[in-house]
$ cat structure_37.cif   # mmCIF, C-alpha atoms and all ligand atoms
data_start
loop_
_atom_site.group_PDB
_atom_site.id
_atom_site.type_symbol
_atom_site.label_atom_id
_atom_site.label_comp_id
_atom_site.auth_asym_id
_atom_site.auth_seq_id
_atom_site.Cartn_x
_atom_site.Cartn_y
_atom_site.Cartn_z
ATOM 1 C CA MET A 3 13.342 16.215 8.575
ATOM 2 C CA ALA A 4 10.227 16.030 6.367
ATOM 3 C CA THR A 5 12.235 17.199 3.348
ATOM 4 C CA GLU A 6 14.940 14.637 4.053
ATOM 5 C CA ALA A 7 12.335 11.873 4.365
ATOM 6 C CA LEU A 8 10.817 12.956 1.045
ATOM 7 C CA GLU A 9 14.223 12.802 -0.669
ATOM 8 C CA GLN A 10 14.799 9.293 0.697
ATOM 9 C CA ARG A 11 11.404 8.122 -0.521
ATOM 10 C CA MET A 12 11.843 9.687 -3.951
ATOM 11 C CA ALA A 13 15.204 7.946 -4.333
ATOM 12 C CA MET A 14 13.309 4.647 -4.122
ATOM 13 C CA LEU A 15 11.672 5.489 -7.468
ATOM 14 C CA ASP A 16 15.016 5.774 -9.248
ATOM 15 C CA GLY A 17 15.347 3.125 -11.925
ATOM 16 C CA ASN A 18 11.657 2.181 -11.770
ATOM 17 C CA PRO A 19 10.655 1.656 -15.419
ATOM 18 C CA ARG A 20 7.011 2.467 -14.603
ATOM 19 C CA VAL A 21 7.862 5.975 -13.376
ATOM 20 C CA SER A 22 9.079 8.305 -16.112
ATOM 21 C CA ALA A 23 11.305 11.311 -15.347
ATOM 22 C CA THR A 24 8.306 13.605 -15.935
ATOM 23 C CA ARG A 25 6.158 11.606 -13.565
ATOM 24 C CA ARG A 26 8.912 11.578 -10.957
ATOM 25 C CA GLU A 27 9.135 15.364 -11.151
ATOM 26 C CA GLN A 28 5.364 15.695 -10.791
ATOM 27 C CA ILE A 29 5.321 13.465 -7.719
ATOM 28 C CA GLN A 30 8.267 15.340 -6.206
ATOM 29 C CA ARG A 31 6.518 18.693 -6.746
ATOM 30 C CA LEU A 32 3.193 17.511 -5.346
ATOM 31 C CA LEU A 33 4.781 16.029 -2.247
ATOM 32 C CA ALA A 34 7.137 18.975 -1.709
ATOM 33 C CA ASP A 35 4.052 21.218 -1.582
ATOM 34 C CA ARG A 36 2.821 19.113 1.320
ATOM 35 C CA VAL A 37 6.018 19.280 3.382
ATOM 36 C CA PRO A 38 4.732 22.145 5.606
ATOM 37 C CA GLU A 39 1.624 20.060 6.377
ATOM 38 C CA ALA A 40 3.826 17.024 7.129
ATOM 39 C CA ARG A 41 6.027 19.133 9.405
ATOM 40 C CA VAL A 42 3.032 20.161 11.527
ATOM 41 C CA ASP A 43 1.826 16.553 11.655
ATOM 42 C CA VAL A 44 5.233 15.311 12.833
ATOM 43 C CA GLN A 45 5.456 18.050 15.477
ATOM 44 C CA THR A 46 1.944 17.265 16.753
ATOM 45 C CA ARG A 47 2.680 13.568 17.020
ATOM 46 C CA LEU A 48 6.053 14.098 18.694
ATOM 47 C CA SER A 49 4.440 16.378 21.281
ATOM 48 C CA ARG A 50 2.233 13.464 22.384
ATOM 49 C CA LEU A 51 5.046 10.895 22.598
ATOM 50 C CA THR A 52 7.361 10.024 25.448
ATOM 51 C CA LEU A 53 10.633 8.818 23.999
ATOM 52 C CA VAL A 54 13.052 7.011 26.299
ATOM 53 C CA PRO A 55 16.803 7.158 25.506
ATOM 54 C CA ARG A 56 18.451 3.813 24.918
ATOM 55 C CA ARG A 57 21.232 2.942 27.318
ATOM 56 C CA GLY A 58 24.121 0.544 27.004
ATOM 57 C CA ARG A 59 23.095 -0.890 23.642
ATOM 58 C CA PRO A 60 25.833 -0.348 21.085
ATOM 59 C CA ALA A 61 23.804 -1.837 18.257
ATOM 60 C CA ALA A 62 20.906 0.338 17.128
ATOM 61 C CA LEU A 63 17.550 -1.374 16.639
ATOM 62 C CA GLY A 64 18.833 -4.580 18.173
ATOM 63 C CA LEU A 65 21.061 -5.424 15.240
ATOM 64 C CA ALA A 66 24.624 -6.535 15.772
ATOM 65 C CA LEU A 67 27.007 -7.102 12.900
ATOM 66 C CA HIS A 68 28.696 -10.480 12.763
ATOM 67 C CA SER A 69 30.821 -11.928 9.972
ATOM 68 C CA GLY A 70 29.469 -9.549 7.371
ATOM 69 C CA GLY A 71 25.818 -10.367 8.121
ATOM 70 C CA HIS A 72 23.176 -9.143 10.551
ATOM 71 C CA THR A 73 22.384 -11.095 13.682
ATOM 72 C CA ARG A 74 19.356 -9.990 15.649
ATOM 73 C CA THR A 75 19.926 -9.492 19.356
ATOM 74 C CA ALA A 76 17.798 -8.802 22.430
ATOM 75 C CA LEU A 77 16.429 -5.267 22.689
ATOM 76 C CA GLY A 78 17.299 -3.362 25.854
ATOM 77 C CA PRO A 79 15.447 -0.515 27.607
ATOM 78 C CA GLY A 80 14.634 2.542 25.498
ATOM 79 C CA SER A 81 12.585 3.631 22.484
ATOM 80 C CA TYR A 82 13.021 2.050 19.043
ATOM 81 C CA ALA A 83 11.543 3.487 15.855
ATOM 82 C CA GLU A 84 10.674 1.314 12.855
ATOM 83 C CA VAL A 85 11.867 -1.857 14.509
ATOM 84 C CA SER A 86 11.568 -5.142 12.641
ATOM 85 C CA LEU A 87 10.289 -8.141 14.572
ATOM 86 C CA ARG A 88 10.108 -11.735 13.461
ATOM 87 C CA ALA A 89 8.340 -14.714 15.039
ATOM 88 C CA ASN A 90 10.042 -17.628 13.324
ATOM 89 C CA GLU A 91 7.818 -20.356 14.713
ATOM 90 C CA LEU A 92 4.658 -18.583 13.532
ATOM 91 C CA ARG A 93 6.359 -17.524 10.272
ATOM 92 C CA ILE A 94 5.282 -13.904 10.620
ATOM 93 C CA LYS A 95 7.196 -10.655 10.691
ATOM 94 C CA GLY A 96 6.432 -6.964 10.815
ATOM 95 C CA ARG A 97 7.844 -3.514 11.346
ATOM 96 C CA LEU A 98 6.586 -1.545 14.319
ATOM 97 C CA ASP A 99 6.518 2.245 14.241
ATOM 98 C CA LEU A 100 7.602 2.649 17.855
ATOM 99 C CA LEU A 101 8.482 0.240 20.634
ATOM 100 C CA THR A 102 9.384 1.538 24.086
ATOM 101 C CA ILE A 103 10.902 -0.888 26.547
ATOM 102 C CA SER A 104 10.921 -0.061 30.256
ATOM 103 C CA ALA A 105 12.157 -2.131 33.195
ATOM 104 C CA SER A 106 8.889 -4.043 33.445
ATOM 105 C CA HIS A 107 7.032 -3.943 30.127
ATOM 106 C CA VAL A 108 6.952 -2.779 26.520
ATOM 107 C CA ASP A 109 4.588 -0.229 24.946
ATOM 108 C CA ILE A 110 3.810 -0.207 21.228
ATOM 109 C CA VAL A 111 2.698 2.774 19.127
ATOM 110 C CA ASP A 112 1.458 2.513 15.555
ATOM 111 C CA HIS A 113 1.046 5.746 13.562
ATOM 112 C CA LYS A 114 -1.863 6.101 11.160
ATOM 113 C CA THR A 115 -2.750 8.897 8.783
ATOM 114 C CA GLY A 116 -6.342 7.929 7.958
ATOM 115 C CA ARG A 117 -9.572 7.695 9.882
ATOM 116 C CA GLU A 118 -10.107 5.589 12.993
ATOM 117 C CA ASP A 119 -10.681 1.948 12.107
ATOM 118 C CA PRO A 120 -11.139 -1.102 14.390
ATOM 119 C CA ASP A 121 -8.781 -3.016 12.070
ATOM 120 C CA HIS A 122 -5.981 -0.781 13.339
ATOM 121 C CA LEU A 123 -6.519 -2.201 16.834
ATOM 122 C CA ASP A 124 -6.324 -5.735 15.428
ATOM 123 C CA GLN A 125 -3.043 -4.765 13.817
ATOM 124 C CA LEU A 126 -1.759 -3.670 17.232
ATOM 125 C CA ARG A 127 -2.780 -7.004 18.732
ATOM 126 C CA PHE A 128 -0.954 -8.731 15.892
ATOM 127 C CA TYR A 129 2.156 -6.725 16.806
ATOM 128 C CA GLY A 130 1.640 -7.860 20.385
ATOM 129 C CA VAL A 131 1.751 -11.504 19.292
ATOM 130 C CA LEU A 132 4.811 -10.723 17.197
ATOM 131 C CA TRP A 133 6.595 -9.222 20.193
ATOM 132 C CA GLU A 134 5.592 -12.138 22.424
ATOM 133 C CA ASN A 135 7.000 -14.647 19.953
ATOM 134 C CA ASP A 136 10.153 -12.898 18.737
ATOM 135 C CA LEU A 137 12.607 -14.889 20.816
ATOM 136 C CA ALA A 138 15.615 -12.975 19.443
ATOM 137 C CA ALA A 139 14.375 -9.472 20.287
ATOM 138 C CA ASN A 140 12.433 -10.545 23.370
ATOM 139 C CA PRO A 141 14.180 -13.620 24.866
ATOM 140 C CA SER A 142 12.976 -12.853 28.389
ATOM 141 C CA ARG A 143 9.346 -12.661 27.219
ATOM 142 C CA MET A 144 8.977 -9.114 28.528
ATOM 143 C CA PRO A 145 5.210 -8.495 28.961
ATOM 144 C CA MET A 146 3.331 -5.903 26.945
ATOM 145 C CA GLY A 147 1.930 -2.746 28.493
ATOM 146 C CA GLU A 148 -0.148 -0.344 26.408
ATOM 147 C CA LEU A 149 -0.867 -0.585 22.700
ATOM 148 C CA THR A 150 -1.616 2.749 21.009
ATOM 149 C CA VAL A 151 -2.825 3.774 17.575
ATOM 150 C CA ALA A 152 -1.737 7.384 17.010
ATOM 151 C CA TYR A 153 -3.917 9.330 14.562
ATOM 152 C CA PRO A 154 -3.128 12.886 13.459
ATOM 153 C CA ALA A 155 -5.283 14.474 16.186
ATOM 154 C CA THR A 156 -5.828 11.743 18.755
ATOM 155 C CA ASP A 157 -4.520 8.523 20.263
ATOM 156 C CA ILE A 158 -6.466 5.352 21.006
ATOM 157 C CA THR A 159 -4.849 3.172 23.647
ATOM 158 C CA ILE A 160 -5.870 -0.350 24.575
ATOM 159 C CA GLN A 161 -4.495 -2.729 27.151
ATOM 160 C CA SER A 162 -2.422 -5.620 25.911
ATOM 161 C CA PRO A 163 -4.319 -8.833 25.160
ATOM 162 C CA ASP A 164 -4.512 -11.290 28.072
ATOM 163 C CA ALA A 165 -3.225 -14.862 27.791
ATOM 164 C CA SER A 166 -6.461 -16.297 26.391
ATOM 165 C CA GLU A 167 -6.826 -13.512 23.824
ATOM 166 C CA LEU A 168 -3.194 -13.934 22.796
ATOM 167 C CA ASP A 169 -3.835 -17.633 22.344
ATOM 168 C CA ARG A 170 -6.937 -16.949 20.235
ATOM 169 C CA ILE A 171 -5.033 -14.503 17.994
ATOM 170 C CA THR A 172 -2.115 -16.931 17.706
ATOM 171 C CA GLN A 173 -4.437 -19.746 16.594
ATOM 172 C CA SER A 174 -6.060 -17.417 14.071
ATOM 173 C CA ILE A 175 -2.646 -16.434 12.672
ATOM 174 C CA LYS A 176 -1.639 -20.088 12.371
ATOM 175 C CA SER A 177 -4.767 -20.964 10.450
ATOM 176 C CA ARG A 178 -4.343 -17.948 8.131
ATOM 177 C CA VAL A 179 -0.724 -18.898 7.432
ATOM 178 C CA ARG A 180 -1.871 -22.465 6.669
ATOM 179 C CA ALA A 181 -4.567 -21.138 4.319
ATOM 180 C CA ALA A 182 -2.029 -18.860 2.605
ATOM 181 C CA ASP A 183 0.308 -21.841 2.126
ATOM 182 C CA GLU A 184 -2.479 -23.827 0.484
ATOM 183 C CA GLN A 185 -3.390 -20.949 -1.823
ATOM 184 C CA ILE A 186 0.213 -20.361 -2.867
ATOM 185 C CA GLU A 187 0.861 -24.066 -3.439
ATOM 186 C CA ALA A 188 -2.277 -24.465 -5.576
ATOM 187 C CA ASP A 189 -1.628 -24.671 -9.311
ATOM 188 C CA PRO A 190 -2.352 -21.999 -10.430
ATOM 189 C CA PRO A 191 -2.100 -20.038 -7.148
ATOM 190 C CA VAL A 192 -5.453 -18.700 -5.937
ATOM 191 C CA ALA A 193 -6.064 -15.018 -6.716
ATOM 192 C CA THR A 194 -8.210 -13.295 -4.104
ATOM 193 C CA THR A 195 -9.770 -10.185 -5.567
ATOM 194 C CA GLY A 196 -11.084 -7.279 -3.530
ATOM 195 C CA PRO A 197 -10.673 -3.561 -2.897
ATOM 196 C CA HIS A 198 -6.968 -4.166 -2.246
ATOM 197 C CA CYS A 199 -6.490 -4.936 -5.962
ATOM 198 C CA VAL A 200 -6.472 -1.233 -6.892
ATOM 199 C CA GLN A 201 -3.092 -0.978 -5.153
ATOM 200 C CA CYS A 202 -1.708 -4.113 -6.775
ATOM 201 C CA PRO A 203 1.273 -3.451 -9.057
ATOM 202 C CA VAL A 204 0.581 -6.560 -11.161
ATOM 203 C CA ARG A 205 -3.142 -6.095 -11.698
ATOM 204 C CA SER A 206 -2.536 -5.361 -15.377
ATOM 205 C CA ILE A 207 -1.673 -9.039 -15.900
ATOM 206 C CA CYS A 208 -4.051 -10.598 -13.369
ATOM 207 C CA PRO A 209 -6.943 -12.415 -15.142
ATOM 208 C CA ALA A 210 -8.959 -12.607 -11.908
ATOM 209 C CA TYR A 211 -8.848 -8.835 -11.549
ATOM 210 C CA TRP A 212 -10.188 -8.223 -15.038
ATOM 211 C CA ASP A 213 -12.644 -11.136 -15.088
ATOM 212 C CA SER A 214 -14.300 -10.809 -11.712
ATOM 213 C CA MET A 215 -14.218 -7.143 -10.775
ATOM 214 C CA ASN A 216 -16.523 -4.410 -11.962
ATOM 215 C CA HIS A 217 -14.789 -2.072 -14.405
ATOM 216 C CA ASP A 218 -17.971 -0.420 -15.682
ATOM 217 C CA PRO A 219 -17.105 3.253 -16.293
ATOM 218 C CA THR A 220 -20.756 4.288 -15.851
ATOM 219 C CA SER A 221 -20.314 3.643 -12.121
ATOM 220 C CA VAL A 222 -17.285 5.950 -11.921
ATOM 221 C CA ALA A 223 -17.867 9.546 -10.770
ATOM 222 C CA PRO A 224 -16.453 12.430 -12.855
ATOM 223 C CA ASN A 225 -12.848 13.280 -11.938
ATOM 224 C CA SER A 226 -12.345 9.816 -10.444
ATOM 225 C CA TRP A 227 -9.729 7.369 -11.629
ATOM 226 C CA PHE A 228 -10.405 3.867 -12.878
ATOM 227 C CA ASP A 229 -9.027 0.936 -14.868
ATOM 228 C CA PHE A 230 -10.509 -0.276 -18.112
ATOM 229 C CA GLU A 231 -10.007 -3.098 -20.590
ATOM 230 C CA GLY A 232 -11.312 -2.678 -24.109
ATOM 231 C CA ILE A 233 -10.602 -2.611 -27.809
ATOM 232 C CA VAL A 234 -9.647 0.494 -29.764
ATOM 233 C CA GLY A 235 -12.430 1.427 -32.182
ATOM 234 C CA ASP A 236 -12.786 4.413 -34.523
ATOM 235 C CA GLN A 237 -10.559 7.429 -34.206
ATOM 236 C CA ASN A 238 -12.640 10.436 -33.191
ATOM 237 C CA GLY A 239 -10.106 13.264 -33.429
ATOM 238 C CA ALA A 240 -6.350 13.818 -33.564
ATOM 239 C CA LYS A 241 -6.051 12.795 -29.923
ATOM 240 C CA SER A 242 -9.183 10.804 -29.155
ATOM 241 C CA TRP A 243 -10.458 7.319 -29.857
ATOM 242 C CA TRP A 244 -13.630 5.403 -29.162
ATOM 243 C CA LEU A 245 -13.020 2.348 -27.020
ATOM 244 C CA LEU A 246 -15.203 -0.712 -27.380
ATOM 245 C CA ASP A 247 -15.981 -3.242 -24.665
ATOM 246 C CA ARG A 248 -13.822 -6.360 -24.207
ATOM 247 C CA PHE A 249 -15.798 -8.184 -26.887
ATOM 248 C CA GLY A 250 -15.607 -5.354 -29.405
ATOM 249 C CA SER A 251 -19.397 -5.257 -29.595
ATOM 250 C CA ARG A 252 -20.273 -1.716 -28.431
ATOM 251 C CA ARG A 253 -18.754 1.684 -27.828
ATOM 252 C CA VAL A 254 -18.106 2.235 -24.145
ATOM 253 C CA LEU A 255 -16.157 5.443 -23.870
ATOM 254 C CA LEU A 256 -14.334 8.162 -25.711
ATOM 255 C CA LEU A 257 -10.697 8.174 -24.666
ATOM 256 C CA ARG A 258 -8.756 11.392 -24.934
ATOM 257 C CA ILE A 259 -4.990 11.097 -24.985
ATOM 258 C CA ALA A 260 -3.116 13.636 -22.879
ATOM 259 C CA SER A 261 0.059 11.548 -22.858
ATOM 260 C CA GLY A 262 2.342 10.764 -25.795
ATOM 261 C CA ALA A 263 0.563 7.469 -26.482
ATOM 262 C CA GLU A 264 -0.622 6.617 -29.975
ATOM 263 C CA LEU A 265 -3.359 4.064 -30.483
ATOM 264 C CA ALA A 266 -4.271 1.905 -33.436
ATOM 265 C CA GLN A 267 -7.662 0.489 -34.276
ATOM 266 C CA GLY A 268 -8.115 -3.103 -33.145
ATOM 267 C CA GLN A 269 -5.658 -2.995 -30.273
ATOM 268 C CA ARG A 270 -6.854 -4.688 -27.116
ATOM 269 C CA LEU A 271 -5.767 -2.533 -24.190
ATOM 270 C CA ARG A 272 -5.674 -2.562 -20.446
ATOM 271 C CA LEU A 273 -5.583 0.973 -19.121
ATOM 272 C CA LEU A 274 -4.657 1.725 -15.526
ATOM 273 C CA GLY A 275 -5.521 4.967 -13.793
ATOM 274 C CA ILE A 276 -7.493 6.786 -16.475
ATOM 275 C CA ARG A 277 -9.632 9.736 -15.378
ATOM 276 C CA ARG A 278 -13.352 10.021 -16.018
ATOM 277 C CA ASP A 279 -14.175 13.484 -17.347
ATOM 278 C CA HIS A 280 -17.384 15.377 -17.949
ATOM 279 C CA ASP A 281 -18.137 16.749 -21.418
ATOM 280 C CA PRO A 282 -21.770 17.650 -22.148
ATOM 281 C CA GLY A 283 -20.865 17.910 -25.842
ATOM 282 C CA VAL A 284 -20.107 14.198 -26.102
ATOM 283 C CA ASP A 285 -22.849 11.602 -26.290
ATOM 284 C CA GLY A 286 -21.171 9.011 -24.082
ATOM 285 C CA ILE A 287 -18.607 8.597 -21.369
ATOM 286 C CA VAL A 288 -15.376 10.528 -21.700
ATOM 287 C CA ALA A 289 -12.103 9.536 -20.073
ATOM 288 C CA THR A 290 -8.529 10.759 -20.352
ATOM 289 C CA LEU A 291 -5.325 8.784 -20.587
ATOM 290 C CA THR A 292 -3.180 11.191 -18.589
ATOM 291 C CA THR A 293 0.579 11.363 -18.217
ATOM 292 C CA THR A 294 0.191 9.367 -15.002
ATOM 293 C CA SER A 295 -1.932 6.615 -16.581
ATOM 294 C CA GLU A 296 -0.455 3.353 -17.803
ATOM 295 C CA SER A 297 -1.439 1.452 -20.920
ATOM 296 C CA PHE A 298 -0.738 -2.189 -21.670
ATOM 297 C CA ILE A 299 -1.379 -3.814 -25.029
ATOM 298 C CA LEU A 300 -2.744 -7.347 -25.041
ATOM 299 C CA SER A 301 -2.512 -7.441 -28.831
ATOM 300 C CA GLY A 302 -1.455 -4.966 -31.529
ATOM 301 C CA GLU A 303 1.056 -2.200 -31.016
ATOM 302 C CA ILE A 304 1.219 1.048 -29.119
ATOM 303 C CA ALA A 305 3.867 3.738 -29.123
ATOM 304 C CA GLY A 306 4.869 6.154 -26.389
ATOM 305 C CA THR A 307 2.889 4.772 -23.462
ATOM 306 C CA ARG A 308 2.615 6.976 -20.384
HETATM 307 S S1 LIG A 401 -4.975 -7.899 -8.837
HETATM 308 FE FE1 LIG A 401 -4.797 -10.123 -8.822
HETATM 309 S S2 LIG A 401 -2.729 -10.516 -8.056
HETATM 310 FE FE2 LIG A 401 -3.237 -8.399 -7.546
HETATM 311 S S3 LIG A 401 -4.088 -8.480 -5.462
HETATM 312 FE FE3 LIG A 401 -5.825 -8.600 -6.901
HETATM 313 S S4 LIG A 401 -6.172 -10.798 -7.191
HETATM 314 FE FE4 LIG A 401 -4.128 -10.592 -6.271
#

$ encode --input "structure_37.cif" --output "structure tokens"
Amino acid sequence: MATEALEQRMAMLDGNPRVSATRREQIQRLLADRVPEARVDVQTRLSRLTLVPRRGRPAALGLALHSGGHTRTALGPGSYAEVSLRANELRIKGRLDLLTISASHVDIVDHKTGREDPDHLDQLRFYGVLWENDLAANPSRMPMGELTVAYPATDITIQSPDASELDRITQSIKSRVRAADEQIEADPPVATTGPHCVQCPVRSICPAYWDSMNHDPTSVAPNSWFDFEGIVGDQNGAKSWWLLDRFGSRRVLLLRIASGAELAQGQRLRLLGIRRDHDPGVDGIVATLTTTSESFILSGEIAGTR
């Protein structure tokens, strides 16, 4: 099952211009090495779950096919994995890991791989509001029972929010949706920087990310990965260049090239996912543009990125 899931996930990378064939192979190898670990994790989690067979529902996950499209229908008793819910009036949607509907209530389980975090409980409450307000999946307004965050070794279960708490969360969601509307409609749209930016696939072209966040390599620990914007200075060796700061006024780091990239003096670059290295023989910070790093030229030319 874990191997099959890995194959499905890897197929999602096919055709992605930012993932070369070499990189795809590396990812596949790294993840395949972790399949035994994933298998144990899945077995442990399954041993703690009670799954209820679905009865009398011909359409899996509450989807019925009509006229070539999907129409969402009421969910009947049983367990549903990865079920999509949508609260049209609130303009929110989400996908729940596991929903189990009994004769009197519905229990929700959300699986997490990381450490315990109170935000995970807020996410469960959000799912509760979603369930309450999805009038297609839950037309009879079936009440919630237990909400559980399942971590690798333990579960945390809370009772469903009461009416006043549900109302408070609903009001908070409405005001956040309103605020998001205002930010999106602003010209230009508001960019909200924060720790989430390191996961953002468009950070290479986001001025707010480069202008307002700290990209000082001196604060990066050896063997850690970071992003950097600078100008290519003097060549140091066959495969290494000094990089200057954004203003071209001082040397900031020595960049070694482990990928096929070729640099040219004067290029202004944005580098994503370079690795800080330790080299006592170099008077300055050393970093490596690895085969997994990405380089974007703001001016000048570069050949063989990644
Ligand atoms: S990098 Fe820019 S666009 Fe991406 S999440 Fe951060 S602020 Fe938003």

$ closest_atom_pairs --input "structure_37.cif" --of "chain A" --to "ligand LIG 401 (chain A)" --cutoff "9 Å" --atoms "all atoms listed in the file" --output "tab-separated table"
residue	atom	partner	partner_atom	distance
A:Val192	CA	A:LIG401	S4	8.0
A:Ala193	CA	A:LIG401	S4	4.2
A:Thr194	CA	A:LIG401	S4	4.5
A:Thr195	CA	A:LIG401	S4	4.0
A:Gly196	CA	A:LIG401	FE3	6.4
A:Pro197	CA	A:LIG401	FE3	8.1
A:His198	CA	A:LIG401	S3	6.1
A:Cys199	CA	A:LIG401	FE3	3.8
A:Val200	CA	A:LIG401	S1	7.1
A:Gln201	CA	A:LIG401	S3	7.6
A:Cys202	CA	A:LIG401	FE2	4.6
A:Pro203	CA	A:LIG401	FE2	6.9
A:Val204	CA	A:LIG401	FE2	5.6
A:Arg205	CA	A:LIG401	S1	3.8
A:Ser206	CA	A:LIG401	S1	7.4
A:Ile207	CA	A:LIG401	FE1	7.8
A:Cys208	CA	A:LIG401	FE1	4.6
A:Pro209	CA	A:LIG401	FE1	7.1
A:Ala210	CA	A:LIG401	FE1	5.7
A:Tyr211	CA	A:LIG401	S1	4.8
A:Trp212	CA	A:LIG401	S1	8.1

$ atom_distance --input "structure_37.cif" --atom1 "CA of Ser251 in chain A" --atom2 "CA of Asp279 in chain A"
23.0 Å

$ closest_residue --input "structure_37.cif" --among "A:Leu137, A:Leu149, A:Val108, A:Val131" --to "Glu167 in chain A" --atoms "only C-alpha atoms"
A:Val131

$ residues_around --input "structure_37.cif" --residues "Ser22 in chain A" --least-positions-apart "5" --cutoff "10 Å" --atoms "all atoms listed in the file" --output "PDB file with C-alpha atoms, in the coordinates of the input"
ATOM      1  CA  LEU A  15      11.672   5.489  -7.468  1.00  0.00           C
ATOM      2  CA  ASP A  16      15.016   5.774  -9.248  1.00  0.00           C
ATOM      3  CA  GLY A  17      15.347   3.125 -11.925  1.00  0.00           C
ATOM      4  CA  GLU A  27       9.135  15.364 -11.151  1.00  0.00           C
ATOM      5  CA  GLN A  28       5.364  15.695 -10.791  1.00  0.00           C
ATOM      6  CA  THR A 293       0.579  11.363 -18.217  1.00  0.00           C
ATOM      7  CA  THR A 294       0.191   9.367 -15.002  1.00  0.00           C
ATOM      8  CA  ARG A 308       2.615   6.976 -20.384  1.00  0.00           C
TER       9      ARG A 308
END

$ closest_residue --input "structure_37.cif" --among "A:Leu92, A:Ala240, A:Val222, A:Val42" --to "Gly275 in chain A" --atoms "all atoms listed in the file"
A:Val222

$ residues_around --input "structure_37.cif" --residues "Asp281 in chain A" --least-positions-apart "5" --cutoff "12 Å" --atoms "all atoms listed in the file" --output "mmCIF file with C-alpha atoms, in the frame of the given file"
data_model
loop_
_atom_site.group_PDB
_atom_site.id
_atom_site.type_symbol
_atom_site.label_atom_id
_atom_site.label_comp_id
_atom_site.auth_asym_id
_atom_site.auth_seq_id
_atom_site.Cartn_x
_atom_site.Cartn_y
_atom_site.Cartn_z
ATOM 1 C CA PRO A 224 -16.453 12.430 -12.855
ATOM 2 C CA ASN A 225 -12.848 13.280 -11.938
ATOM 3 C CA LEU A 255 -16.157 5.443 -23.870
ATOM 4 C CA LEU A 256 -14.334 8.162 -25.711
ATOM 5 C CA LEU A 257 -10.697 8.174 -24.666
ATOM 6 C CA ARG A 258 -8.756 11.392 -24.934
ATOM 7 C CA GLY A 286 -21.171 9.011 -24.082
ATOM 8 C CA ILE A 287 -18.607 8.597 -21.369
ATOM 9 C CA VAL A 288 -15.376 10.528 -21.700
ATOM 10 C CA ALA A 289 -12.103 9.536 -20.073
ATOM 11 C CA THR A 290 -8.529 10.759 -20.352
#

$ resolve_selection --input "structure_37.cif" --expression "the PyMOL selection byres (((chain A and resi 118) around 10) and not hetatm)" --output "number ranges by chain"
A: 114-117, 119-123, 151-153, 156-158

$ resolve_selection --input "structure_37.cif" --expression "the PyMOL selection byres (((chain A and resi 81) around 12) and not hetatm)" --output "MDAnalysis selection string"
chainID A and resid 51:57 59 62:64 77:80 82:85 98:104 108:111

$ closest_residue --input "structure_37.cif" --among "A:His217, A:His107, A:Arg170, A:His280" --to "Val254 in chain A" --atoms "only C-alpha atoms"
A:His217

$ residues_around --input "structure_37.cif" --residues "Phe249 in chain A" --least-positions-apart "3" --cutoff "12 Å" --atoms "only C-alpha atoms" --output "PDB file with C-alpha atoms, keeping the file's coordinate frame"
ATOM      1  CA  GLU A 231     -10.007  -3.098 -20.590  1.00  0.00           C
ATOM      2  CA  GLY A 232     -11.312  -2.678 -24.109  1.00  0.00           C
ATOM      3  CA  ILE A 233     -10.602  -2.611 -27.809  1.00  0.00           C
ATOM      4  CA  VAL A 234      -9.647   0.494 -29.764  1.00  0.00           C
ATOM      5  CA  GLY A 235     -12.430   1.427 -32.182  1.00  0.00           C
ATOM      6  CA  LEU A 245     -13.020   2.348 -27.020  1.00  0.00           C
ATOM      7  CA  LEU A 246     -15.203  -0.712 -27.380  1.00  0.00           C
ATOM      8  CA  ARG A 252     -20.273  -1.716 -28.431  1.00  0.00           C
ATOM      9  CA  ARG A 253     -18.754   1.684 -27.828  1.00  0.00           C
ATOM     10  CA  VAL A 254     -18.106   2.235 -24.145  1.00  0.00           C
ATOM     11  CA  GLY A 268      -8.115  -3.103 -33.145  1.00  0.00           C
ATOM     12  CA  GLN A 269      -5.658  -2.995 -30.273  1.00  0.00           C
ATOM     13  CA  ARG A 270      -6.854  -4.688 -27.116  1.00  0.00           C
ATOM     14  CA  LEU A 271      -5.767  -2.533 -24.190  1.00  0.00           C
TER      15      LEU A 271
END

$ closest_residue --input "structure_37.cif" --among "A:Glu91, A:Asp183, A:Glu264, A:Asp236" --to "Leu132 in chain A" --atoms "all atoms listed in the file"
A:Glu91

$ atom_distance --input "structure_37.cif" --atom1 "CA of Arg143 in chain A" --atom2 "CA of Ser106 in chain A"
10.6 Å

$ resolve_selection --input "structure_37.cif" --expression "the PyMOL selection byres (((chain A and resi 162) around 12) and not hetatm)" --output "JSON, numbers by chain"
{"A": [107, 108, 109, 110, 111, 123, 124, 126, 127, 128, 129, 130, 131, 133, 134, 145, 146, 147, 148, 149, 150, 159, 160, 161, 163, 164, 165, 166, 167, 168]}

$ closest_residue --input "structure_37.cif" --among "A:Thr292, A:Gln45, A:Thr24, A:Gln173" --to "Ile276 in chain A" --atoms "only C-alpha atoms"
A:Thr292

$ residues_near_point --input "structure_37.cif" --point "(12.5, -14.1, 14.8)" --cutoff "8 Å" --atoms "only C-alpha atoms" --output "MDAnalysis selection string"
chainID A and resid 87:91 95 135:139

$ closest_residue --input "structure_37.cif" --among "A:Ala260, A:Val284, A:Ala182, A:Ala223" --to "Trp244 in chain A" --atoms "all atoms listed in the file"
A:Val284

$ residues_around --input "structure_37.cif" --residues "Met3 in chain A" --least-positions-apart "6" --cutoff "10 Å" --atoms "all atoms listed in the file" --output "ChimeraX atom specification"
/A:9,37,40-41,44
